[in-house]
Amino acid sequence: MPNSPFRAQSARSPQDIIGGLALVAIAVLALYLVKDLPASSRVGFASGTAPRLFAYALIALGAIVTLGGWLKEGPGVDRPAIGTAILAAFAGAVSLVAFILIKTSLGTVAMVAILIALALVSLVVLARIDGFPNDSRFALRSMIAILGSVLFFAFAIRILGLAVTGIPMVMLATAAAPGYRWKEAIAFAIGITIFCGLLFPFALGQPIPLWPTF
Amino acid sequence: MELVSNLAHGFAVAVTPMNILLCLIGALVGTLIGVLPGIGPIATIAMLLPITYKLDPTGALIMLSGIYYGAQYGGSTTAILVNLPGESSSVVTAIDGHQMAKQGRAGAALAIAAIGSFIAGTFGTILLAALGKPLTQVAQAFGPADYCALMVLGLVCAVVLASGSVIKAIAMIFLGLLLSTVGTDLETGEQRMTLGFLPLADGIEFVTLAMGMFGFAEILKNLEQEESRDLVDQKVTNLMPTKEDMKEAAPAIARGTLLGSVLGILPGGGAVLAAFGAYTLEKKLSKTPEKFGKGAIAGVAGPESANNAAAQTSFIPLLTLGIPPNAVMAIMVGAMTIHGIVPGPQIMTKQPDLFWGLVASMWLGNAMLVIINLPLVGLWVRLLRVPYRMLFPAILFFCAIGVYSINNQPFDVVLTAFFGLAGYFLLKFGFEPAPMLVAFVLGKIMEEKLRQAMLLSRGDAWTFLDFSKHPISAVLMIVSTILLVMALLPSIRKKRDEVFVE
């Protein structure tokens, strides 16, 4: 509705308004985090000076971007995209805390079991539901598969080793593309894991754990 | 001739069997990732960083540099045959190159691209060798205030030459600077913005930021679109361009080489901008501009020469002044730091082997790349048949292993995932991550120099503009201001946008 009367009153470029406000929010968070550091000293700079300077500049620029978004016509933002952002950030933070809690209270084996279960569940869900949204507005499918598989790797690598971590990780990552082929995914995951298992620890001598440590 | 003896010394370093092998590996990997769309030199160099641990610094840098300029060669193959930029710097090559391929002149297009790249690469390498010494001497006269001003100029150039909104680019610069201050304070040892995470005490690991913003975010973005590849399915024959082709392409190669060399040195420029600039220039100068877009050979020769010249000359500010002019050079700083080398003028005096060996290897690498790309083109075409749905999980797995191996730290992998998400949203909201990455790398050195300068002036911020004490700094600051004001003026901004639209 480019010419509707409501358009003129509402924000013209939601993309810039939200982007600008996000910058301001990041800067305010930074200011809060350095609040106990000295802002200046007798010789000019102290530990808290540079972060404050940069944060103030970021607040100003974020404000300009926001203001520009109000004054100038520009691309919009789809609500689902913002929803995905908040959801993904929230889910990431919750899972981080949850895993640290599980690891300290129930032990490593429990954490690994839960990890594998989670990876499998998301894999089956993504593989089953072919129409799972993954267009430019709502890339939830890629988020779960890509970021989920990387997080899985991060939590599992020290305990399970490369050989065991690799297969479910690659299988989950593959689910980011629609139209899952189980046989191809399994074969591909095993192949690439063997390749990396030979390449990194042996050929390149990386100190990366290859086998489970429990 | 000191230059000749230095170059001879460089070749002596570069032609050891080990270094030749590393140069070849770099060129091959560069071509590979150049050919494959969806993975760029930044993510690749970041991925291979841990692998270079065991090598000596010279060998490591020879290999990593080969990836960057090798990608410029490989990118054109995909652009010409598939109409997809294998590398972002070959976006414009696809316009005329693919048309030529459709007309059955794929061989000529590929050959011109390779020949142009080789000539440009040779010129860029000579320029690097020739400018190295004088620039190093200039840099040695720099005090902390001058250094600081130089970095300000670098960041301003990164803003001016970035595509899209100027204000958003400046905002990205400050976001990068802010992120660079995370970690332990260098002087007092206080923890800054670490949120209590122990691995953050050393600061945000550069590779996690680069890999997240450029590797993972790209994958997320690529997955939005359905895959379609318009591969020209014919045997590439007639690799030799005709005499007329050569006649038409030669001046374009010369102009592209010169333009690319200049844009490569400028901060914020690099290979992508050089290619765009060269295409616009050729179209403007051409007597038959209507041929552009329909298979004009100058539209392939100009940009391809320019992007490779720029890839070569962007090493000049890095190796002489210690300032990375673009995001790829920023990750080279990361590579150097891992090997205990501080980028800057002292490289040439303290590590002549490294400097001249690297320069010589670049020329060798360019020569190898012509061979790798022309007769072996069939092999690379076959690689293009690997579908993206098999490519990205492999990239992801390599990246995860690479990030983990840097410090053997799972936290770094989590951080990379976070930056991947953040980078994806930056792209969605029209913010460019490249200026942020450059600012992040410069941020640490900049804060250090800023503090030294302030200490010397006893807290007087006007010292940067004091002509009597710091003339270099004052001039650089004034130039930066003028550039910034110009970038913000509406009339010039319009022209700048036009360049990017084409």
# chains A, B, ... in the order shown; residues from 1 in each chain; ligands from 1
$ residues_around --residues "stretch 101-118 of chain A" --least-positions-apart "4" --cutoff "7 Å" --atoms "only C-alpha atoms" --output "NGL selection string"
:A and (97 or 122 or 152 or 156)
$ write_last_selection --atoms "N, CA and C atoms" --output "CSV table (one decimal), in the first residue's frame"
chain,number,residue,atom,x,y,z
A,97,VAL,N,22.4,-21.6,28.9
A,97,VAL,CA,22.2,-21.7,30.4
A,97,VAL,C,21.8,-23.1,30.8
A,122,SER,N,15.3,-32.6,16.3
A,122,SER,CA,15.2,-31.5,15.3
A,122,SER,C,15.5,-32.1,13.9
A,152,PHE,N,25.8,-27.9,18.5
A,152,PHE,CA,26.0,-29.3,18.9
A,152,PHE,C,27.5,-29.7,18.9
A,156,ALA,N,29.7,-31.0,22.1
A,156,ALA,CA,30.0,-32.4,22.1
A,156,ALA,C,31.4,-32.7,21.8
$ residues_around --residues "B:Ala27" --least-positions-apart "2" --cutoff "12 Å" --atoms "only C-alpha atoms" --output "number ranges by chain"
B: 20-25, 29-34, 41, 62-74, 361-373
$ closest_residue --among "B:Leu84, B:Ala14, B:Leu48, B:Val359" --to "chain A" --atoms "only C-alpha atoms"
B:Leu48
$ interface_residues --of "chain B" --to "chain A" --cutoff "6 Å" --atoms "only C-alpha atoms" --output "PDB file with C-alpha atoms, in the first residue's frame"
ATOM      1  CA  ALA B 171      27.958   2.908  12.590  1.00  0.00           C
ATOM      2  CA  PHE B 174      32.129   2.116  15.673  1.00  0.00           C
ATOM      3  CA  LEU B 178      33.545  -1.219  20.413  1.00  0.00           C
ATOM      4  CA  MET B 193      32.753  -6.277  28.961  1.00  0.00           C
ATOM      5  CA  GLU B 224      17.151 -18.562   1.225  1.00  0.00           C
ATOM      6  CA  PRO B 393      27.447 -28.946   5.425  1.00  0.00           C
ATOM      7  CA  PRO B 410      34.456 -24.892  22.422  1.00  0.00           C
ATOM      8  CA  VAL B 413      32.573 -22.248  18.321  1.00  0.00           C
ATOM      9  CA  VAL B 414      29.528 -21.010  20.265  1.00  0.00           C
ATOM     10  CA  ALA B 417      27.409 -19.374  15.840  1.00  0.00           C
ATOM     11  CA  PHE B 429      18.904  -4.910   7.909  1.00  0.00           C
ATOM     12  CA  ARG B 451      46.574   6.198  24.575  1.00  0.00           C
ATOM     13  CA  MET B 454      47.424  11.184  24.749  1.00  0.00           C
ATOM     14  CA  LEU B 455      50.046  10.255  27.312  1.00  0.00           C
ATOM     15  CA  ARG B 458      49.409  14.932  28.681  1.00  0.00           C
ATOM     16  CA  GLY B 459      45.760  14.500  27.865  1.00  0.00           C
TER      17      GLY B 459
END
$ closest_residue --among "B:Val377, B:Ile482, B:Ala254, B:Leu319" --to "B:Val333" --atoms "only C-alpha atoms"
B:Leu319
$ atom_distance --atom1 "atom CA of B:Ala141" --atom2 "atom CA of B:Gly260"
28.1 Å
$ closest_residue --among "B:Val386, B:Ile316, B:Val152, B:Ala252" --to "B:Phe464" --atoms "only C-alpha atoms"
B:Val152
$ residues_around --residues "B:Leu483" --least-positions-apart "6" --cutoff "12 Å" --atoms "only C-alpha atoms" --output "list in words"
Val152, Leu153, Gly154, Leu155, Val156, Cys157, Ala158, Val159, Val160, Leu161, Val166, Leu476, Met477, Leu489, Ile492 and Arg493 of chain B
$ atom_distance --atom1 "atom CA of B:Gly443" --atom2 "atom CA of B:Ile173"
9.3 Å
$ select_by_dssp --residues "stretch 95-221 of chain B" --states "alpha helix (DSSP H)" --output "PyMOL selection string"
chain B and resi 95-102+106-140+144-161+166-180+206-210+217-221
$ write_last_selection --atoms "C-alpha atoms" --output "JSON list (two decimals), in the first residue's frame"
[["chain", "number", "residue", "atom", "x", "y", "z"],
["B", 95, "ILE", "CA", 27.65, -9.76, -17.30],
["B", 96, "ASP", "CA", 29.68, -9.94, -20.47],
["B", 97, "GLY", "CA", 31.62, -13.12, -19.82],
["B", 98, "HIS", "CA", 28.52, -15.30, -19.73],
["B", 99, "GLN", "CA", 27.17, -13.70, -22.89],
["B", 100, "MET", "CA", 30.44, -14.53, -24.61],
["B", 101, "ALA", "CA", 30.13, -18.11, -23.42],
["B", 102, "LYS", "CA", 26.60, -18.33, -24.81],
["B", 106, "ALA", "CA", 33.85, -19.16, -23.63],
["B", 107, "GLY", "CA", 37.43, -20.11, -24.40],
["B", 108, "ALA", "CA", 38.37, -16.59, -25.45],
["B", 109, "ALA", "CA", 36.68, -15.10, -22.37],
["B", 110, "LEU", "CA", 38.47, -17.49, -20.03],
["B", 111, "ALA", "CA", 41.80, -16.90, -21.71],
["B", 112, "ILE", "CA", 41.46, -13.11, -21.65],
["B", 113, "ALA", "CA", 40.47, -13.23, -17.99],
["B", 114, "ALA", "CA", 43.53, -15.31, -17.16],
["B", 115, "ILE", "CA", 45.94, -13.29, -19.30],
["B", 116, "GLY", "CA", 44.59, -10.01, -17.94],
["B", 117, "SER", "CA", 44.84, -11.32, -14.39],
["B", 118, "PHE", "CA", 48.41, -12.43, -14.95],
["B", 119, "ILE", "CA", 49.53, -9.10, -16.40],
["B", 120, "ALA", "CA", 47.77, -7.25, -13.60],
["B", 121, "GLY", "CA", 49.21, -9.59, -10.99],
["B", 122, "THR", "CA", 52.71, -9.06, -12.32],
["B", 123, "PHE", "CA", 52.29, -5.30, -12.29],
["B", 124, "GLY", "CA", 50.82, -5.33, -8.79],
["B", 125, "THR", "CA", 53.68, -7.45, -7.51],
["B", 126, "ILE", "CA", 56.28, -5.12, -9.03],
["B", 127, "LEU", "CA", 54.47, -2.17, -7.49],
["B", 128, "LEU", "CA", 54.54, -3.87, -4.11],
["B", 129, "ALA", "CA", 58.28, -4.48, -4.45],
["B", 130, "ALA", "CA", 58.99, -0.94, -5.61],
["B", 131, "LEU", "CA", 56.80, 0.88, -3.08],
["B", 132, "GLY", "CA", 57.77, -1.35, -0.18],
["B", 133, "LYS", "CA", 61.00, 0.35, 0.78],
["B", 134, "PRO", "CA", 60.02, 4.04, 0.45],
["B", 135, "LEU", "CA", 56.72, 3.51, 2.26],
["B", 136, "THR", "CA", 58.45, 1.63, 5.03],
["B", 137, "GLN", "CA", 60.84, 4.54, 5.52],
["B", 138, "VAL", "CA", 57.93, 6.95, 5.67],
["B", 139, "ALA", "CA", 56.20, 4.76, 8.21],
["B", 140, "GLN", "CA", 59.26, 4.69, 10.44],
["B", 144, "PRO", "CA", 51.78, 7.30, 17.87],
["B", 145, "ALA", "CA", 49.65, 10.33, 16.98],
["B", 146, "ASP", "CA", 50.50, 9.99, 13.29],
["B", 147, "TYR", "CA", 49.69, 6.29, 13.36],
["B", 148, "CYS", "CA", 46.39, 7.00, 14.97],
["B", 149, "ALA", "CA", 45.56, 9.60, 12.33],
["B", 150, "LEU", "CA", 46.55, 7.18, 9.58],
["B", 151, "MET", "CA", 44.16, 4.60, 10.95],
["B", 152, "VAL", "CA", 41.41, 7.20, 11.12],
["B", 153, "LEU", "CA", 42.06, 7.92, 7.45],
["B", 154, "GLY", "CA", 41.92, 4.20, 6.73],
["B", 155, "LEU", "CA", 38.57, 3.85, 8.45],
["B", 156, "VAL", "CA", 37.20, 6.92, 6.68],
["B", 157, "CYS", "CA", 38.24, 5.43, 3.34],
["B", 158, "ALA", "CA", 36.54, 2.18, 4.31],
["B", 159, "VAL", "CA", 33.35, 4.18, 4.86],
["B", 160, "VAL", "CA", 33.65, 6.20, 1.66],
["B", 161, "LEU", "CA", 34.24, 3.14, -0.48],
["B", 166, "VAL", "CA", 27.32, 6.12, 4.64],
["B", 167, "ILE", "CA", 25.83, 6.56, 8.11],
["B", 168, "LYS", "CA", 25.30, 2.82, 8.45],
["B", 169, "ALA", "CA", 28.91, 2.19, 7.39],
["B", 170, "ILE", "CA", 30.16, 4.63, 10.04],
["B", 171, "ALA", "CA", 27.96, 2.91, 12.59],
["B", 172, "MET", "CA", 29.53, -0.43, 11.62],
["B", 173, "ILE", "CA", 33.00, 1.09, 12.13],
["B", 174, "PHE", "CA", 32.13, 2.12, 15.67],
["B", 175, "LEU", "CA", 30.51, -1.24, 16.38],
["B", 176, "GLY", "CA", 33.76, -2.90, 15.29],
["B", 177, "LEU", "CA", 35.82, -0.55, 17.45],
["B", 178, "LEU", "CA", 33.55, -1.22, 20.41],
["B", 179, "LEU", "CA", 33.86, -4.99, 19.96],
["B", 180, "SER", "CA", 37.65, -4.65, 19.80],
["B", 206, "PHE", "CA", 39.12, -12.48, 15.44],
["B", 207, "VAL", "CA", 38.44, -15.69, 13.52],
["B", 208, "THR", "CA", 35.11, -16.25, 15.31],
["B", 209, "LEU", "CA", 33.93, -12.83, 14.17],
["B", 210, "ALA", "CA", 35.18, -13.25, 10.59],
["B", 217, "ALA", "CA", 25.93, -15.68, 7.63],
["B", 218, "GLU", "CA", 26.64, -16.28, 3.95],
["B", 219, "ILE", "CA", 25.41, -19.87, 4.23],
["B", 220, "LEU", "CA", 22.20, -18.71, 5.91],
["B", 221, "LYS", "CA", 21.68, -16.16, 3.17]]
$ residues_around --residues "stretch 85-87 of chain B" --least-positions-apart "3" --cutoff "6 Å" --atoms "only C-alpha atoms" --output "list in words"
Gly34, Val35, Leu36, Pro37, Gly75, Thr78, Ala79, Ser90 and Val91 of chain B
$ atom_distance --atom1 "atom CA of B:Asp56" --atom2 "atom CA of B:Thr313"
23.5 Å
$ closest_residue --among "B:Pro17, B:Pro303, B:Gly10, B:Gly59" --to "B:Ala335" --atoms "only C-alpha atoms"
B:Gly59
$ residues_around --residues "B:Leu186" --least-positions-apart "6" --cutoff "10 Å" --atoms "only C-alpha atoms" --output "list in words"
Ser47 of chain A; Lys444, Glu447 and Glu448 of chain B
$ write_last_selection --atoms "N, CA, C and O atoms" --output "short mmCIF file (atom, residue, chain, number, x, y, z; two decimals), in the first residue's frame"
data_model
loop_
_atom_site.label_atom_id
_atom_site.label_comp_id
_atom_site.auth_asym_id
_atom_site.auth_seq_id
_atom_site.Cartn_x
_atom_site.Cartn_y
_atom_site.Cartn_z
N SER A 47 41.09 2.82 31.30
CA SER A 47 40.56 1.59 30.69
C SER A 47 39.13 1.76 30.18
O SER A 47 38.72 1.10 29.24
N LYS B 444 42.24 -2.46 18.17
CA LYS B 444 43.20 -2.73 19.25
C LYS B 444 44.45 -1.87 19.11
O LYS B 444 44.91 -1.26 20.08
N GLU B 447 43.57 1.90 19.73
CA GLU B 447 43.41 2.33 21.11
C GLU B 447 44.78 2.48 21.78
O GLU B 447 45.03 3.44 22.51
N GLU B 448 45.66 1.53 21.47
CA GLU B 448 47.01 1.58 22.05
C GLU B 448 47.72 2.87 21.65
O GLU B 448 48.28 3.59 22.50
#
